[in-house]
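Heads up, structure.cif below (mmCIF, C-alpha atoms):
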data_work
#
loop_
_atom_site.label_atom_id
_atom_site.label_comp_id
_atom_site.auth_asym_id
_atom_site.auth_seq_id
_atom_site.Cartn_x
_atom_site.Cartn_y
_atom_site.Cartn_z
CA VAL A 1 103.12 92.69 114.82
CA ARG A 2 99.79 92.09 113.14
CA SER A 3 97.05 94.37 114.36
CA SER A 4 93.37 94.33 113.63
CA ALA A 5 93.09 94.93 109.88
CA ALA A 6 89.50 96.15 110.18
CA SER A 7 90.37 98.90 112.69
CA ASP A 8 93.38 100.01 110.62
CA VAL A 9 91.23 100.20 107.47
CA TYR A 10 88.57 102.22 109.29
CA LYS A 11 91.16 104.79 110.41
CA ARG A 12 92.37 105.24 106.82
CA GLN A 13 88.82 105.53 105.44
CA GLN A 14 88.04 108.25 107.98
CA TYR A 15 90.67 110.47 106.36
CA ASN A 16 90.11 109.27 102.77
CA LYS A 17 93.60 107.77 102.47
CA VAL A 18 94.83 104.68 100.66
CA TYR A 19 96.28 102.02 102.92
CA TYR A 20 99.24 99.72 102.22
CA VAL A 21 99.78 96.86 104.67
CA GLY A 22 103.53 96.44 105.09
CA GLU A 23 105.56 93.64 106.65
CA PHE A 24 102.77 91.95 108.60
CA ASP A 25 103.16 88.96 110.94
CA TRP A 26 102.02 85.98 108.86
CA THR A 27 103.02 83.57 111.66
CA GLY A 28 100.34 84.51 114.20
CA MET A 29 102.93 84.36 117.01
CA TYR A 30 101.82 87.66 118.51
CA GLY A 31 98.05 87.47 118.15
CA GLY A 32 95.95 89.80 116.05
CA ASP A 33 93.45 88.67 113.45
CA ALA A 34 93.56 85.09 112.17
CA LEU A 35 95.57 85.04 108.91
CA THR A 36 92.51 84.02 106.85
CA ASP A 37 90.47 86.94 108.26
CA PHE A 38 93.37 89.37 107.85
CA LEU A 39 93.94 88.44 104.20
CA SER A 40 90.20 88.47 103.46
CA THR A 41 89.94 92.03 104.82
CA ILE A 42 92.78 93.12 102.55
CA GLU A 43 91.22 91.43 99.52
CA ASN A 44 87.75 92.87 100.12
CA THR A 45 88.57 96.47 101.02
CA THR A 46 88.95 98.85 98.09
CA SER A 47 90.96 101.41 100.06
CA ILE A 48 93.80 98.90 100.58
CA ALA A 49 96.35 99.26 97.78
CA GLY A 50 98.29 96.10 98.59
CA ASP A 51 100.33 94.26 101.20
CA LEU A 52 103.72 92.72 101.93
CA TYR A 53 104.65 90.04 104.44
CA TRP A 54 108.13 89.42 105.84
CA ALA A 55 110.14 87.46 104.24
CA LEU A 56 110.14 84.77 101.48
CA TYR A 57 113.18 82.57 100.86
CA ASP A 58 113.99 79.12 99.55
CA ASN A 59 114.62 76.29 102.03
CA ALA A 60 118.40 76.84 101.96
CA HIS A 61 118.15 80.29 103.58
CA ARG A 62 118.11 80.52 107.36
CA GLY A 63 116.50 83.75 108.45
CA ASP A 64 114.65 85.12 111.42
CA LYS A 65 111.39 83.83 112.91
CA TYR A 66 109.38 85.55 110.16
CA THR A 67 111.18 83.87 107.26
CA LEU A 68 108.82 81.86 105.08
CA HIS A 69 110.45 78.97 103.28
CA TYR A 70 108.34 78.21 100.25
CA PRO A 71 106.60 75.80 100.01
CA GLY A 72 107.09 75.40 103.79
CA ASP A 73 109.20 73.44 106.29
CA THR A 74 106.33 72.33 108.51
CA PRO A 75 102.66 71.53 107.90
CA GLY A 76 101.69 74.85 109.54
CA MET A 77 104.09 76.83 107.37
CA GLN A 78 102.88 74.95 104.29
CA ALA A 79 99.27 75.85 105.08
CA ARG A 80 100.11 79.52 105.60
CA ALA A 81 102.26 79.56 102.43
CA GLN A 82 99.27 78.22 100.49
CA LEU A 83 97.03 80.94 101.99
CA LEU A 84 99.54 83.61 100.98
CA ARG A 85 99.80 82.13 97.48
CA MET A 86 96.02 82.17 97.04
CA HIS A 87 95.92 85.71 98.47
CA ALA A 88 98.53 86.92 95.95
CA SER A 89 96.43 85.45 93.16
CA ALA A 90 93.26 87.09 94.49
CA MET A 91 95.01 90.47 94.74
CA GLN A 92 95.97 90.14 91.06
CA GLY A 93 92.36 89.44 90.15
CA ASN A 94 92.91 85.78 89.29
#
Could you render the structure from this file as C-alpha coordinates?
Amino acid sequence: VRSSAASDVYKRQQYNKVYYVGEFDWTGMYGGDALTDFLSTIENTTSIAGDLYWALYDNAHRGDKYTLHYPGDTPGMQARAQLLRMHASAMQGN
(Lines of atoms letter the chains of each structure in order from A and count residues from 1; the text may use other names and numbers.)
(Lines give C-alpha, C1' and ligand atoms only; values in the text may rest on other atoms or scores of the structure.)
Protein backbone atom coordinates (compact mmCIF):
# COMPACT_ATOMS: atom_id res chain seq x y z
CA VAL A 1 0.00 0.00 0.00
CA ARG A 2 1.36 3.39 -0.98
CA SER A 3 1.62 5.79 1.91
CA SER A 4 2.48 9.45 1.94
CA ALA A 5 6.02 9.66 0.58
CA ALA A 6 6.61 13.05 2.19
CA SER A 7 5.77 11.82 5.71
CA ASP A 8 7.92 8.69 5.26
CA VAL A 9 10.87 10.81 4.09
CA TYR A 10 10.49 13.17 7.04
CA LYS A 11 10.64 10.26 9.50
CA ARG A 12 13.89 9.02 7.93
CA GLN A 13 15.45 12.50 7.89
CA GLN A 14 14.67 12.90 11.59
CA TYR A 15 17.02 10.00 12.36
CA ASN A 16 19.55 10.73 9.59
CA LYS A 17 18.83 7.47 7.75
CA VAL A 18 18.76 6.67 4.05
CA TYR A 19 15.38 5.58 2.75
CA TYR A 20 14.64 2.95 0.09
CA VAL A 21 11.06 2.80 -1.18
CA GLY A 22 10.24 -0.87 -1.77
CA GLU A 23 7.36 -2.51 -3.61
CA PHE A 24 5.01 0.47 -3.74
CA ASP A 25 1.47 0.47 -5.16
CA TRP A 26 1.83 2.00 -8.63
CA THR A 27 -1.85 1.33 -9.38
CA GLY A 28 -3.40 3.84 -6.98
CA MET A 29 -6.06 1.29 -5.99
CA TYR A 30 -5.63 1.94 -2.28
CA GLY A 31 -5.17 5.70 -2.19
CA GLY A 32 -2.06 7.49 -1.01
CA ASP A 33 -0.22 10.12 -3.01
CA ALA A 34 -0.92 10.49 -6.72
CA LEU A 35 1.74 8.52 -8.65
CA THR A 36 3.20 11.70 -10.20
CA ASP A 37 3.58 13.32 -6.76
CA PHE A 38 4.96 10.13 -5.23
CA LEU A 39 7.62 9.71 -7.94
CA SER A 40 8.50 13.40 -7.85
CA THR A 41 9.14 13.19 -4.09
CA ILE A 42 11.46 10.23 -4.63
CA GLU A 43 13.32 12.02 -7.43
CA ASN A 44 13.75 15.26 -5.50
CA THR A 45 14.73 13.97 -2.06
CA THR A 46 18.43 13.28 -1.55
CA SER A 47 17.88 10.94 1.40
CA ILE A 48 15.99 8.47 -0.82
CA ALA A 49 18.42 5.90 -2.22
CA GLY A 50 16.01 4.39 -4.74
CA ASP A 51 12.71 2.61 -5.23
CA LEU A 52 11.09 -0.55 -6.57
CA TYR A 53 7.52 -1.12 -7.70
CA TRP A 54 5.78 -4.50 -7.93
CA ALA A 55 6.04 -6.22 -10.64
CA LEU A 56 7.07 -5.85 -14.34
CA TYR A 57 6.31 -8.57 -16.89
CA ASP A 58 5.65 -8.91 -20.59
CA ASN A 59 2.06 -9.16 -21.83
CA ALA A 60 2.15 -12.98 -21.84
CA HIS A 61 2.50 -13.20 -18.04
CA ARG A 62 -0.64 -13.21 -15.93
CA GLY A 63 0.14 -12.04 -12.42
CA ASP A 64 -1.61 -10.40 -9.54
CA LYS A 65 -3.34 -7.01 -9.51
CA TYR A 66 0.03 -5.24 -9.20
CA THR A 67 1.57 -6.78 -12.31
CA LEU A 68 2.60 -4.17 -14.85
CA HIS A 69 2.59 -5.40 -18.42
CA TYR A 70 4.96 -3.19 -20.36
CA PRO A 71 4.06 -1.15 -22.34
CA GLY A 72 0.58 -1.59 -20.82
CA ASP A 73 -2.70 -3.44 -21.48
CA THR A 74 -4.99 -0.45 -20.97
CA PRO A 75 -4.63 3.30 -21.53
CA GLY A 76 -4.31 3.81 -17.75
CA MET A 77 -1.60 1.18 -17.44
CA GLN A 78 0.19 2.64 -20.47
CA ALA A 79 0.19 6.10 -18.87
CA ARG A 80 1.53 4.77 -15.57
CA ALA A 81 4.14 2.65 -17.39
CA GLN A 82 5.34 5.79 -19.17
CA LEU A 83 5.55 7.64 -15.83
CA LEU A 84 7.61 4.81 -14.35
CA ARG A 85 9.86 4.76 -17.41
CA MET A 86 10.50 8.50 -17.16
CA HIS A 87 11.05 8.12 -13.40
CA ALA A 88 13.67 5.38 -13.94
CA SER A 89 15.47 7.68 -16.37
CA ALA A 90 15.35 10.59 -13.93
CA MET A 91 16.72 8.41 -11.12
CA GLN A 92 19.67 7.51 -13.37
CA GLY A 93 20.34 11.19 -14.01
CA ASN A 94 19.20 11.13 -17.64
For A:Trp26, which residue out of A:Met86, A:Phe38, A:Gly72, A:Thr45 is the nearest one, using only C-alpha atoms?
->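 Among the listed residues, the smallest separation from A:Trp26 belongs to A:Phe38.
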Decode the PyMOL selection byres ((chain A and resi 83) around 12) for the given file into explicit residues and return them as a ChimeraX atom specification.
-> /A:26-27,34-40,70-72,76-82,84-90
Record the distance separating atom CA of A:Tyr53 and atom CA of A:Gly32, expressed in Å with one decimal.
->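 Result for atom CA of A:Tyr53 versus atom CA of A:Gly32: 14.5 Å, one decimal.
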Counting all atoms listed in the file, which residues come within 12 Å of (87.3, 98.8, 106.6), with the point read in the file's coordinates, and could you list them as a short mmCIF file (atom, residue, chain, number, x, y, z; two decimals) with C-alpha atoms, in the coordinates of the input?
data_model
loop_
_atom_site.label_atom_id
_atom_site.label_comp_id
_atom_site.auth_asym_id
_atom_site.auth_seq_id
_atom_site.Cartn_x
_atom_site.Cartn_y
_atom_site.Cartn_z
CA SER A 4 93.37 94.33 113.63
CA ALA A 5 93.09 94.93 109.88
CA ALA A 6 89.50 96.15 110.18
CA SER A 7 90.37 98.90 112.69
CA ASP A 8 93.38 100.01 110.62
CA VAL A 9 91.23 100.20 107.47
CA TYR A 10 88.57 102.22 109.29
CA LYS A 11 91.16 104.79 110.41
CA ARG A 12 92.37 105.24 106.82
CA GLN A 13 88.82 105.53 105.44
CA GLN A 14 88.04 108.25 107.98
CA ASN A 16 90.11 109.27 102.77
CA LYS A 17 93.60 107.77 102.47
CA VAL A 18 94.83 104.68 100.66
CA TYR A 19 96.28 102.02 102.92
CA PHE A 38 93.37 89.37 107.85
CA SER A 40 90.20 88.47 103.46
CA THR A 41 89.94 92.03 104.82
CA ILE A 42 92.78 93.12 102.55
CA GLU A 43 91.22 91.43 99.52
CA ASN A 44 87.75 92.87 100.12
CA THR A 45 88.57 96.47 101.02
CA THR A 46 88.95 98.85 98.09
CA SER A 47 90.96 101.41 100.06
CA ILE A 48 93.80 98.90 100.58
#
Which residue out of A:Ala49, A:Val21, A:Thr67, A:Tyr30 has the minimum interatomic distance to A:Met91 when only C-alpha atoms are used?
->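 Selected residue with least distance to A:Met91: A:Ala49.
Between atom CA of A:Tyr15 and atom CA of A:Leu52 the interatomic distance comes to 22.5 Å.
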Residues picked by the PyMOL selection byres ((chain A and resi 68) around 6) here, as a list in words?
->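 For this structure, the PyMOL selection byres ((chain A and resi 68) around 6) resolves to Ala55, Leu56, Thr67 and His69 of chain A.
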